[in-house]
file target.pdb (PDB, C-alpha atoms)
ATOM      1  CA  MET H   1      -0.957 -18.579   2.327
ATOM      2  CA  LEU H   2      -3.112 -16.948   5.015
ATOM      3  CA  ILE H   3      -0.267 -14.575   5.922
ATOM      4  CA  ASP H   4       0.146 -13.534   2.259
ATOM      5  CA  ASN H   5      -3.574 -12.830   2.058
ATOM      6  CA  LYS H   6      -3.431 -10.733   5.263
ATOM      7  CA  LYS H   7      -0.420  -8.853   3.896
ATOM      8  CA  SER H   8      -2.232  -8.176   0.614
ATOM      9  CA  THR H   9      -5.308  -7.006   2.523
ATOM     10  CA  LEU H  10      -3.196  -4.706   4.706
ATOM     11  CA  TYR H  11      -1.509  -3.186   1.639
ATOM     12  CA  LYS H  12      -4.931  -2.593   0.117
ATOM     13  CA  GLY H  13      -5.951  -0.845   3.343
ATOM     14  CA  ILE H  14      -2.825   1.328   3.272
ATOM     15  CA  VAL H  15      -3.402   2.323  -0.364
ATOM     16  CA  LEU H  16      -7.023   3.178   0.401
ATOM     17  CA  MET H  17      -5.960   5.271   3.419
ATOM     18  CA  ILE H  18      -3.502   7.190   1.223
ATOM     19  CA  LEU H  19      -6.323   7.795  -1.262
ATOM     20  CA  SER H  20      -8.577   8.902   1.596
ATOM     21  CA  SER H  21      -5.991  11.367   2.862
ATOM     22  CA  LEU H  22      -5.524  12.657  -0.696
ATOM     23  CA  CYS H  23      -9.284  13.254  -0.958
ATOM     24  CA  GLY H  24      -9.312  14.973   2.430
ATOM     25  CA  SER H  25      -6.372  17.244   1.732
ATOM     26  CA  THR H  26      -7.767  18.106  -1.709
ATOM     27  CA  GLY H  27     -11.072  18.958  -0.064
ATOM     28  CA  GLN H  28      -9.303  21.241   2.375
ATOM     29  CA  LEU H  29      -7.450  22.918  -0.506
ATOM     30  CA  PHE H  30     -10.801  23.610  -2.167
ATOM     31  CA  TRP H  31     -12.115  25.044   1.121
ATOM     32  CA  LYS H  32      -9.150  27.386   1.261
ATOM     33  CA  LEU H  33      -9.705  28.445  -2.347
ATOM     34  CA  GLY H  34     -13.421  28.864  -1.659
ATOM     35  CA  ALA H  35     -12.768  31.062   1.347
ATOM     36  CA  ASP H  36     -10.824  33.415  -0.903
ATOM     37  CA  HIS H  37     -12.718  33.089  -4.197
ATOM     38  CA  SER H  38     -15.872  31.101  -4.869
ATOM     39  CA  PHE H  39     -18.571  29.138  -3.096
ATOM     40  CA  LEU H  40     -18.241  26.476  -5.814
ATOM     41  CA  PHE H  41     -14.822  25.564  -4.403
ATOM     42  CA  ILE H  42     -16.388  25.030  -0.974
ATOM     43  CA  ILE H  43     -18.927  22.615  -2.464
ATOM     44  CA  LEU H  44     -16.146  20.777  -4.343
ATOM     45  CA  GLY H  45     -14.223  20.618  -1.080
ATOM     46  CA  PHE H  46     -17.125  18.935   0.700
ATOM     47  CA  LEU H  47     -17.507  16.427  -2.143
ATOM     48  CA  CYS H  48     -13.809  15.527  -1.946
ATOM     49  CA  TYR H  49     -13.857  15.330   1.830
ATOM     50  CA  VAL H  50     -16.956  13.121   1.960
ATOM     51  CA  SER H  51     -15.461  10.868  -0.726
ATOM     52  CA  GLY H  52     -12.402  10.528   1.490
ATOM     53  CA  VAL H  53     -14.573   9.463   4.417
ATOM     54  CA  PHE H  54     -16.163   6.661   2.396
ATOM     55  CA  VAL H  55     -12.763   5.512   1.123
ATOM     56  CA  MET H  56     -11.488   5.508   4.726
ATOM     57  CA  ILE H  57     -14.393   3.390   5.907
ATOM     58  CA  SER H  58     -13.583   0.903   3.150
ATOM     59  CA  ALA H  59      -9.888   0.954   4.093
ATOM     60  CA  LEU H  60     -10.600   0.173   7.728
ATOM     61  CA  LYS H  61     -12.025  -3.198   6.690
ATOM     62  CA  HIS H  62      -8.514  -4.236   5.642
ATOM     63  CA  GLY H  63      -6.458  -3.806   8.789
ATOM     64  CA  GLU H  64      -6.088  -2.581  12.318
ATOM     65  CA  LEU H  65      -6.982   1.011  13.102
ATOM     66  CA  SER H  66      -3.664   1.510  14.928
ATOM     67  CA  VAL H  67      -1.771   0.588  11.754
ATOM     68  CA  LEU H  68      -3.961   2.212   9.123
ATOM     69  CA  TYR H  69      -4.969   5.502  10.713
ATOM     70  CA  PRO H  70      -1.443   6.945  11.014
ATOM     71  CA  VAL H  71      -1.247   6.749   7.208
ATOM     72  CA  MET H  72      -3.704   9.655   7.228
ATOM     73  CA  SER H  73      -0.722  11.849   8.114
ATOM     74  CA  PHE H  74      -0.023  11.676   4.376
ATOM     75  CA  SER H  75      -2.502  14.574   4.207
ATOM     76  CA  TYR H  76       0.103  16.796   5.929
ATOM     77  CA  ILE H  77       2.533  16.021   3.130
ATOM     78  CA  MET H  78      -0.098  16.813   0.521
ATOM     79  CA  ALA H  79      -1.005  20.058   2.298
ATOM     80  CA  LEU H  80       2.636  21.098   2.159
ATOM     81  CA  PHE H  81       2.834  20.410  -1.578
ATOM     82  CA  TYR H  82      -0.539  22.044  -2.303
ATOM     83  CA  GLY H  83       0.527  25.063  -0.300
ATOM     84  CA  LYS H  84       3.722  25.416  -2.293
ATOM     85  CA  LEU H  85       2.495  24.474  -5.771
ATOM     86  CA  ILE H  86      -0.995  25.981  -5.814
ATOM     87  CA  LEU H  87      -1.078  28.643  -3.113
ATOM     88  CA  GLY H  88       2.510  29.878  -3.473
ATOM     89  CA  GLU H  89       3.360  29.321   0.197
ATOM     90  CA  THR H  90       6.937  28.965   1.333
ATOM     91  CA  ILE H  91       8.327  25.694   2.643
ATOM     92  CA  SER H  92      10.507  26.281   5.668
ATOM     93  CA  LEU H  93      13.117  23.971   7.123
ATOM     94  CA  ILE H  94      10.907  23.367  10.158
ATOM     95  CA  LYS H  95       8.032  22.217   7.894
ATOM     96  CA  VAL H  96      10.342  19.829   6.028
ATOM     97  CA  THR H  97      11.665  18.517   9.352
ATOM     98  CA  GLY H  98       8.116  17.889  10.532
ATOM     99  CA  ILE H  99       7.256  15.970   7.358
ATOM    100  CA  ILE H 100      10.420  13.856   7.644
ATOM    101  CA  THR H 101       9.498  13.082  11.249
ATOM    102  CA  LEU H 102       6.013  11.975  10.165
ATOM    103  CA  ILE H 103       7.433   9.714   7.447
ATOM    104  CA  ALA H 104       9.914   8.220   9.903
ATOM    105  CA  GLY H 105       7.072   7.545  12.330
ATOM    106  CA  LEU H 106       5.076   5.733   9.648
ATOM    107  CA  ILE H 107       8.086   3.587   8.795
ATOM    108  CA  ILE H 108       8.675   2.748  12.458
ATOM    109  CA  LEU H 109       5.008   1.801  12.928
ATOM    110  CA  ASN H 110       5.108  -0.518   9.930
ATOM    111  CA  LEU H 111       8.398  -2.108  11.029
ATOM    112  CA  LYS H 112       6.892  -2.726  14.458
ATOM    113  CA  GLU H 113       3.887  -4.387  12.791
ATOM    114  CA  LYS H 114       6.180  -6.612  10.684
ATOM    115  CA  GLU H 115       8.096  -7.640  13.819
ATOM    116  CA  LYS H 116       4.856  -8.555  15.561
ATOM    117  CA  LYS H 117       3.712 -10.684  12.630
ATOM    118  CA  ASN H 118       7.091 -12.466  12.374
ATOM    119  CA  ASP H 119       6.949 -13.368  16.077
ATOM    120  CA  CYS H 120       3.577 -15.121  15.690
ATOM    121  CA  PRO H 121       3.713 -18.931  15.388
TER     122      PRO H 121
END

call {"tool": "encode", "arguments": {"input": "target.pdb", "output": "structure tokens"}}
result
Amino acid sequence: MLIDNKKSTLYKGIVLMILSSLCGSTGQLFWKLGADHSFLFIILGFLCYVSGVFVMISALKHGELSVLYPVMSFSYIMALFYGKLILGETISLIKVTGIITLIAGLIILNLKEKEKKNDCP
């Protein structure tokens, strides 16, 4: 039962870290838009970014930093999509390769964590 509770807590931490990275990457998108257009976007960017910080602090209560923090690389994925969908940037093969490498790294980290938990008595 304790292991299930820890697992549930870790998943909550991961979800919160994804939300935090979404807030951070959205904030950075607004900063980019503000640099080119309006100061209002810069203010919105700060609000998103600060929200992400508070969500991250909450997430860190639910697991180890070494497991949760790499999930913040989700912001790179969001930046790629924001760049393409909102800013009209091109997605190159090297960018896609980098994102796939990040995702693979996250999977490997989580598999390693599962192995460690299965080895415990």

call {"tool": "residues_around", "arguments": {"input": "target.pdb", "residues": "H:Phe81", "least_positions_apart": "4", "cutoff": "12 Å", "atoms": "all atoms listed in the file", "output": "ChimeraX atom specification"}}
result
/H:22,25-26,29,74-77,85-91,95-96,99

call {"tool": "resolve_selection", "arguments": {"input": "target.pdb", "expression": "the PyMOL selection byres ((chain H and resi 13) around 12)", "output": "ChimeraX atom specification"}}
result
/H:6-12,14-20,55-65,67-72

call {"tool": "atom_distance", "arguments": {"input": "target.pdb", "atom1": "atom CA of H:Ser51", "atom2": "atom CA of H:Ile107"}}
result
26.4 Å

call {"tool": "closest_residue", "arguments": {"input": "target.pdb", "among": "H:Leu109, H:Ile103, H:Cys23, H:Leu93", "to": "H:Phe46", "atoms": "only C-alpha atoms"}}
result
H:Cys23

call {"tool": "residues_around", "arguments": {"input": "target.pdb", "residues": "H:Gly27", "least_positions_apart": "3", "cutoff": "6 Å", "atoms": "only C-alpha atoms", "output": "VMD selection string"}}
result
chain H and resid 24 30 45 48 to 49

call {"tool": "atom_distance", "arguments": {"input": "target.pdb", "atom1": "atom CA of H:Thr101", "atom2": "atom CA of H:Ser73"}}
result
10.8 Å

call {"tool": "atom_distance", "arguments": {"input": "target.pdb", "atom1": "atom CA of H:Ser66", "atom2": "atom CA of H:Gln28"}}
result
24.1 Å

call {"tool": "build_atoms", "arguments": {"input": "target.pdb", "residues": "stretch 5-38 of chain H", "atoms": "N, CA and C atoms", "output": "compact mmCIF listing (two decimals), in the frame of the given file"}}
result
# COMPACT_ATOMS: atom_id res chain seq x y z
N ASN H 5 -2.28 -13.45 2.26
CA ASN H 5 -3.57 -12.83 2.06
C ASN H 5 -3.76 -11.65 3.02
N LYS H 6 -3.34 -11.82 4.28
CA LYS H 6 -3.43 -10.73 5.26
C LYS H 6 -2.54 -9.57 4.84
N LYS H 7 -1.36 -9.88 4.34
CA LYS H 7 -0.42 -8.85 3.90
C LYS H 7 -1.02 -8.07 2.72
N SER H 8 -1.60 -8.80 1.77
CA SER H 8 -2.23 -8.18 0.61
C SER H 8 -3.40 -7.29 1.06
N THR H 9 -4.18 -7.77 2.00
CA THR H 9 -5.31 -7.01 2.52
C THR H 9 -4.82 -5.74 3.23
N LEU H 10 -3.75 -5.87 4.02
CA LEU H 10 -3.20 -4.71 4.71
C LEU H 10 -2.69 -3.67 3.71
N TYR H 11 -1.99 -4.12 2.65
CA TYR H 11 -1.51 -3.19 1.64
C TYR H 11 -2.67 -2.48 0.95
N LYS H 12 -3.74 -3.20 0.71
CA LYS H 12 -4.93 -2.59 0.12
C LYS H 12 -5.47 -1.52 1.06
N GLY H 13 -5.50 -1.82 2.36
CA GLY H 13 -5.95 -0.84 3.34
C GLY H 13 -5.08 0.39 3.36
N ILE H 14 -3.76 0.19 3.27
CA ILE H 14 -2.82 1.33 3.27
C ILE H 14 -3.04 2.20 2.04
N VAL H 15 -3.17 1.57 0.88
CA VAL H 15 -3.40 2.32 -0.36
C VAL H 15 -4.70 3.11 -0.27
N LEU H 16 -5.74 2.48 0.26
CA LEU H 16 -7.02 3.18 0.40
C LEU H 16 -6.92 4.34 1.39
N MET H 17 -6.14 4.17 2.46
CA MET H 17 -5.96 5.27 3.42
C MET H 17 -5.20 6.44 2.78
N ILE H 18 -4.21 6.12 1.93
CA ILE H 18 -3.50 7.19 1.22
C ILE H 18 -4.47 7.93 0.31
N LEU H 19 -5.31 7.18 -0.40
CA LEU H 19 -6.32 7.80 -1.26
C LEU H 19 -7.29 8.64 -0.44
N SER H 20 -7.69 8.15 0.72
CA SER H 20 -8.58 8.90 1.60
C SER H 20 -7.93 10.21 2.05
N SER H 21 -6.67 10.14 2.42
CA SER H 21 -5.99 11.37 2.86
C SER H 21 -5.81 12.34 1.70
N LEU H 22 -5.62 11.81 0.50
CA LEU H 22 -5.52 12.66 -0.70
C LEU H 22 -6.86 13.38 -0.94
N CYS H 23 -7.96 12.63 -0.81
CA CYS H 23 -9.28 13.25 -0.96
C CYS H 23 -9.50 14.33 0.11
N GLY H 24 -9.14 14.02 1.34
CA GLY H 24 -9.31 14.97 2.43
C GLY H 24 -8.48 16.23 2.26
N SER H 25 -7.23 16.07 1.89
CA SER H 25 -6.37 17.24 1.73
C SER H 25 -6.78 18.06 0.50
N THR H 26 -7.26 17.39 -0.54
CA THR H 26 -7.77 18.11 -1.71
C THR H 26 -9.03 18.88 -1.34
N GLY H 27 -9.89 18.26 -0.54
CA GLY H 27 -11.07 18.96 -0.06
C GLY H 27 -10.72 20.20 0.73
N GLN H 28 -9.73 20.09 1.58
CA GLN H 28 -9.30 21.24 2.38
C GLN H 28 -8.69 22.33 1.50
N LEU H 29 -7.98 21.93 0.45
CA LEU H 29 -7.45 22.92 -0.51
C LEU H 29 -8.61 23.68 -1.15
N PHE H 30 -9.65 22.94 -1.57
CA PHE H 30 -10.80 23.61 -2.17
C PHE H 30 -11.49 24.54 -1.17
N TRP H 31 -11.54 24.16 0.11
CA TRP H 31 -12.12 25.04 1.12
C TRP H 31 -11.31 26.33 1.23
N LYS H 32 -10.01 26.20 1.20
CA LYS H 32 -9.15 27.39 1.26
C LYS H 32 -9.40 28.28 0.05
N LEU H 33 -9.45 27.67 -1.13
CA LEU H 33 -9.70 28.44 -2.35
C LEU H 33 -11.10 29.07 -2.30
N GLY H 34 -12.06 28.34 -1.77
CA GLY H 34 -13.42 28.86 -1.66
C GLY H 34 -13.53 30.02 -0.69
N ALA H 35 -12.75 29.98 0.37
CA ALA H 35 -12.77 31.06 1.35
C ALA H 35 -12.29 32.36 0.72
N ASP H 36 -11.40 32.23 -0.26
CA ASP H 36 -10.82 33.42 -0.90
C ASP H 36 -11.51 33.78 -2.22
N HIS H 37 -12.23 32.82 -2.84
CA HIS H 37 -12.72 33.09 -4.20
C HIS H 37 -14.19 32.77 -4.44
N SER H 38 -14.56 31.50 -4.38
CA SER H 38 -15.87 31.10 -4.87
C SER H 38 -16.51 30.02 -4.00
